[in-house]
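As structure tokens, the structure follows; a few thoughts come after it.
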Amino acid sequence: MPKAVRYDQYGGVEVLKVVEVPQPEPGPGQVLVQVKAASINPGEAKIRDGQLAERWPSTFPSGQGSDLAGVVTAAGAGVTAFKPGDEVLGWTDHRAAQAEYVLAEASELTARPAGVPWPVAGSLYVVGATAYGAIDAIGLAQGDTLVVAGAAGGVGSITVQLARHRGATVIGLASEPNHDWLGRHGVIPVSYGNGVEDRIRQAAPGGKVDAFIDTVGGDYVQIALDLGVAPDRIDTIANFEAVEKFGVKADGNAAGASTANLADLAQLIAAGEVEVPIAATYPLDQVQDAYRELAGGHTHGKIVLIP
């Protein structure tokens, strides 16, 4: 029997276990994917430990994970886009990606380009859709100056590269060990901490910032407003209280979730125009260790499970 990650109650990483489950069978419009890679994300940890129970409750026993990449092994009725043997990447909305076999809607998958390694292919949906959603929300245009808080994280590292690809000047807030990576990708690195607003003004051409994307939370929405950025050009994926308080946007994964965006990102990666750093890979049965590393913070790039 295939294995999958499960948890039976809210809690820390210790509630995660890998168990044998029945082999899934694809229904109409679905395909069965043998998973080659499935990345992990902070939101999954918050769902698992109950922080988001009111917004996204768990039904026990619960699976975990959205991102996936793998090989189609069976297709359900009505599926014409994929056949057994096809290599795909995409997602599932059923918290089930961290497993050896996953059922996915055919409409939530796209072909894996040959130039995209499996760990990268299995890391694109959550962070990629969030980055596209945030960039679209602020109406980024060529010549804009954009600040990204959390510029070296999973979402931030893709956001800054997409913004540069669209012709923006990008200022990336990150810890100093990540400044070299940002600089090599055409991003102006700025350190966190006291005085960050002044450092942003000094880094911005003419001292002017047009748009701001916050992937961290805390005071960054207020900092963006103090920099003179209009509320409709500020997007946060981490400070939902600021949306009601200041009228800023909170578009992210849901807004950017499309196979068109996913295919576009995959092609940019295959062409060498966007890089998705992989911080670490773990076998499926070391899922607890993977989430421990994630909880440590300051990880540059994605952490990926390899079933």
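FYI, nothing fancy with the structure tokens labels: chains A, B, ... in order, residues from 1 per chain, ligands from 1 as they appear.
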Report as a Markdown table: every residue of range 100-199 of chain A with an atom at most 7 Å from range 270-285 of chain A, its closest pair of atoms, and their distance in Å to one decimal, counting only C-alpha atoms, with rows sorted by chain and ascending residue number.
| residue | atom | partner | partner_atom | distance |
| --- | --- | --- | --- | --- |
| A:Pro113 | CA | A:Ala270 | CA | 6.5 |
| A:Gly115 | CA | A:Ala270 | CA | 4.5 |
| A:Val116 | CA | A:Ala270 | CA | 5.4 |
| A:Val120 | CA | A:Val276 | CA | 6.4 |
| A:Ile158 | CA | A:Val276 | CA | 6.9 |
| A:Gln161 | CA | A:Val274 | CA | 6.2 |
Please run DSSP on the backbone and report, as a PyMOL selection string, all residues within range 161-267 of chain A that come out as helix (DSSP H, G or I). chain A and resi 161-165+176-184+196-203+205-207+220-226+231-233+241-246+253-256+259-267
Would you please extract all strand (DSSP E) residues from range 194-273 of chain A, as assigned by DSSP on the backbone, and give them as a VMD selection string? chain A and resid 211 to 214 234 to 236
Using only C-alpha atoms, find the one residue out of A:Val33, A:Val148, A:Leu268, A:Val221 that sits nearest to Gly247 in chain A.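 Comparing A:Val33, A:Val148, A:Leu268, A:Val221 against Gly247 in chain A, the winner is A:Val221.
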Within 12 Å of range 170-192 of chain A, which residues of range 206-297 of chain A show up? Give each one with its shortest atom-to-atom distance in Å (one decimal) and the two atoms involved, counting only C-alpha atoms, rows by chain then rising residue number, as a Markdown table.
| residue | atom | partner | partner_atom | distance |
| --- | --- | --- | --- | --- |
| A:Gly207 | CA | A:Ile171 | CA | 11.7 |
| A:Lys208 | CA | A:Ile171 | CA | 11.4 |
| A:Val209 | CA | A:Ile171 | CA | 9.3 |
| A:Asp210 | CA | A:Val170 | CA | 10.4 |
| A:Ala211 | CA | A:Val170 | CA | 9.7 |
| A:Phe212 | CA | A:Ile171 | CA | 9.4 |
| A:Ile213 | CA | A:Gly172 | CA | 9.9 |
| A:Asp214 | CA | A:Leu173 | CA | 9.7 |
| A:Thr215 | CA | A:Leu173 | CA | 10.3 |
| A:Val216 | CA | A:Leu173 | CA | 10.0 |
| A:Gly218 | CA | A:Tyr192 | CA | 11.9 |
| A:Asp219 | CA | A:Tyr192 | CA | 11.5 |
| A:Tyr220 | CA | A:Leu173 | CA | 10.4 |
| A:Ile223 | CA | A:Tyr192 | CA | 11.9 |
| A:Gly272 | CA | A:His185 | CA | 11.6 |
| A:Glu273 | CA | A:His185 | CA | 9.6 |
| A:Val274 | CA | A:His185 | CA | 8.9 |
| A:Glu275 | CA | A:His185 | CA | 9.0 |
| A:Val276 | CA | A:Trp181 | CA | 11.6 |
| A:Pro277 | CA | A:Trp181 | CA | 10.0 |
| A:Gly297 | CA | A:Ser175 | CA | 11.4 |
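You will find CA of Tyr125 in chain A at 23.7 Å from CA of Lys17 in chain A.
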Any idea what's packed within 6 Å of range 126-142 of chain A, counting only C-alpha atoms, ignoring anything in its chain fewer than 3 positions away? Could you give it as an mmCIF file with N, CA and C atoms, in the first residue's frame?
data_model
loop_
_atom_site.group_PDB
_atom_site.id
_atom_site.type_symbol
_atom_site.label_atom_id
_atom_site.label_comp_id
_atom_site.auth_asym_id
_atom_site.auth_seq_id
_atom_site.Cartn_x
_atom_site.Cartn_y
_atom_site.Cartn_z
ATOM 1 N N VAL A 155 8.232 32.782 -1.219
ATOM 2 C CA VAL A 155 7.435 33.658 -2.077
ATOM 3 C C VAL A 155 8.268 34.834 -2.566
ATOM 4 N N THR A 159 8.971 36.409 -6.303
ATOM 5 C CA THR A 159 8.374 37.720 -6.551
ATOM 6 C C THR A 159 9.401 38.697 -7.105
ATOM 7 N N ARG A 166 9.655 41.875 -15.357
ATOM 8 C CA ARG A 166 8.660 42.810 -15.890
ATOM 9 C C ARG A 166 9.195 44.236 -15.984
ATOM 10 N N GLY A 167 10.471 44.420 -15.678
ATOM 11 C CA GLY A 167 11.098 45.718 -15.890
ATOM 12 C C GLY A 167 11.046 46.661 -14.721
ATOM 13 N N ALA A 168 10.778 46.160 -13.511
ATOM 14 C CA ALA A 168 10.735 47.014 -12.326
ATOM 15 C C ALA A 168 12.113 47.097 -11.677
ATOM 16 N N ARG A 233 -1.623 50.038 -3.853
ATOM 17 C CA ARG A 233 -0.397 49.503 -4.440
ATOM 18 C C ARG A 233 0.455 48.799 -3.376
ATOM 19 N N ASP A 251 -4.120 40.089 -1.794
ATOM 20 C CA ASP A 251 -4.187 39.061 -2.834
ATOM 21 C C ASP A 251 -2.946 38.179 -2.776
ATOM 22 N N GLY A 252 -3.162 36.890 -2.956
ATOM 23 C CA GLY A 252 -2.041 35.966 -2.920
ATOM 24 C C GLY A 252 -2.351 34.725 -3.701
ATOM 25 N N ASN A 253 -2.238 33.589 -3.032
ATOM 26 C CA ASN A 253 -2.340 32.302 -3.709
ATOM 27 C C ASN A 253 -3.640 32.123 -4.474
ATOM 28 N N ALA A 255 -5.652 34.315 -5.688
ATOM 29 C CA ALA A 255 -5.763 35.229 -6.831
ATOM 30 C C ALA A 255 -4.878 34.790 -7.994
ATOM 31 N N GLY A 256 -3.741 34.176 -7.674
ATOM 32 C CA GLY A 256 -2.796 33.803 -8.734
ATOM 33 C C GLY A 256 -2.841 32.353 -9.142
ATOM 34 N N ALA A 257 -3.822 31.598 -8.588
ATOM 35 C CA ALA A 257 -3.874 30.160 -8.828
ATOM 36 C C ALA A 257 -4.440 29.849 -10.208
#
Could you list, with a cut-off of 8 Å and counting only C-alpha atoms, the residues of range 113-147 of chain A near range 63-83 of chain A, each shown with its nearest atom pair and the distance in Å rounded to one decimal, rows sorted by chain and ascending number, as JSON lines?
{"residue": "A:Trp118", "atom": "CA", "partner": "A:Ala69", "partner_atom": "CA", "distance": 6.7}
{"residue": "A:Ala121", "atom": "CA", "partner": "A:Ala69", "partner_atom": "CA", "distance": 5.7}
{"residue": "A:Gly122", "atom": "CA", "partner": "A:Leu68", "partner_atom": "CA", "distance": 4.4}
{"residue": "A:Ser123", "atom": "CA", "partner": "A:Asp67", "partner_atom": "CA", "distance": 5.8}
{"residue": "A:Leu124", "atom": "CA", "partner": "A:Asp67", "partner_atom": "CA", "distance": 6.8}
{"residue": "A:Tyr125", "atom": "CA", "partner": "A:Asp67", "partner_atom": "CA", "distance": 5.5}
{"residue": "A:Val126", "atom": "CA", "partner": "A:Asp67", "partner_atom": "CA", "distance": 6.5}
Gap from CA of Gln9 in chain A to CA of Gln30 in chain A - Å, one decimal: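 CA of Gln30 in chain A lies 28.7 Å from CA of Gln9 in chain A.
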Go through A:Gln98, A:Lys249, A:Ser258, A:Arg55 one by one, measure the shortest atom-to-atom distance of each to Ser39 in chain A using only C-alpha atoms, and give the residue with the smallest value.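 Of all the options, A:Gln98 lies closest to Ser39 in chain A.
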Who sits within 12 Å of Thr59 in chain A, only C-alpha atoms, same chain under 2 positions skipped, as number ranges by chain: A: 6-10, 47-48, 50, 53, 56-57, 61-64, 94-95
Those selected residues, please, written with N, CA and C atoms and delivered as a CSV table (one decimal), in the first residue's frame.
chain,number,residue,atom,x,y,z
A,6,ARG,N,-0.1,12.0,7.5
A,6,ARG,CA,-1.3,12.2,8.2
A,6,ARG,C,-1.1,12.8,9.5
A,7,TYR,N,-2.1,13.5,10.1
A,7,TYR,CA,-2.2,13.8,11.5
A,7,TYR,C,-3.6,13.7,12.0
A,8,ASP,N,-3.7,13.3,13.3
A,8,ASP,CA,-5.0,13.0,13.8
A,8,ASP,C,-5.5,14.1,14.8
A,9,GLN,N,-4.7,15.1,15.1
A,9,GLN,CA,-5.0,16.2,16.0
A,9,GLN,C,-4.1,17.4,15.7
A,10,TYR,N,-4.6,18.5,16.2
A,10,TYR,CA,-3.7,19.7,16.0
A,10,TYR,C,-2.5,19.6,17.0
A,47,ILE,N,-1.9,25.5,9.7
A,47,ILE,CA,-3.1,24.7,9.6
A,47,ILE,C,-3.0,23.6,10.6
A,48,ARG,N,-1.8,22.9,10.5
A,48,ARG,CA,-1.6,21.7,11.4
A,48,ARG,C,-1.6,22.0,12.9
A,50,GLY,N,-3.2,24.4,14.3
A,50,GLY,CA,-4.5,25.0,14.8
A,50,GLY,C,-4.6,26.5,14.7
A,53,ALA,N,-7.4,27.4,12.5
A,53,ALA,CA,-8.6,26.5,12.6
A,53,ALA,C,-9.9,27.1,12.3
A,56,TRP,N,-9.5,27.8,8.2
A,56,TRP,CA,-9.3,26.6,7.4
A,56,TRP,C,-9.2,25.4,8.4
A,57,PRO,N,-10.3,24.9,8.9
A,57,PRO,CA,-10.3,23.8,9.9
A,57,PRO,C,-9.8,22.5,9.2
A,61,PRO,N,-8.8,12.0,10.2
A,61,PRO,CA,-7.4,12.2,9.9
A,61,PRO,C,-7.2,13.1,8.7
A,62,SER,N,-6.2,14.0,8.8
A,62,SER,CA,-6.0,15.0,7.8
A,62,SER,C,-4.7,14.6,7.0
A,63,GLY,N,-4.7,14.8,5.7
A,63,GLY,CA,-3.5,14.8,4.9
A,63,GLY,C,-2.9,16.2,5.0
A,64,GLN,N,-1.9,16.4,4.1
A,64,GLN,CA,-1.2,17.7,4.2
A,64,GLN,C,-0.5,17.9,2.8
A,94,HIS,N,-6.9,19.3,-1.8
A,94,HIS,CA,-7.4,18.4,-0.8
A,94,HIS,C,-6.4,18.0,0.3
A,95,ARG,N,-5.4,18.8,0.5
A,95,ARG,CA,-4.4,18.6,1.5
A,95,ARG,C,-3.9,17.2,1.4
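CA of Arg292 in chain A to CA of Gly12 in chain A spans 9.3 Å [interatomic distance, one decimal].
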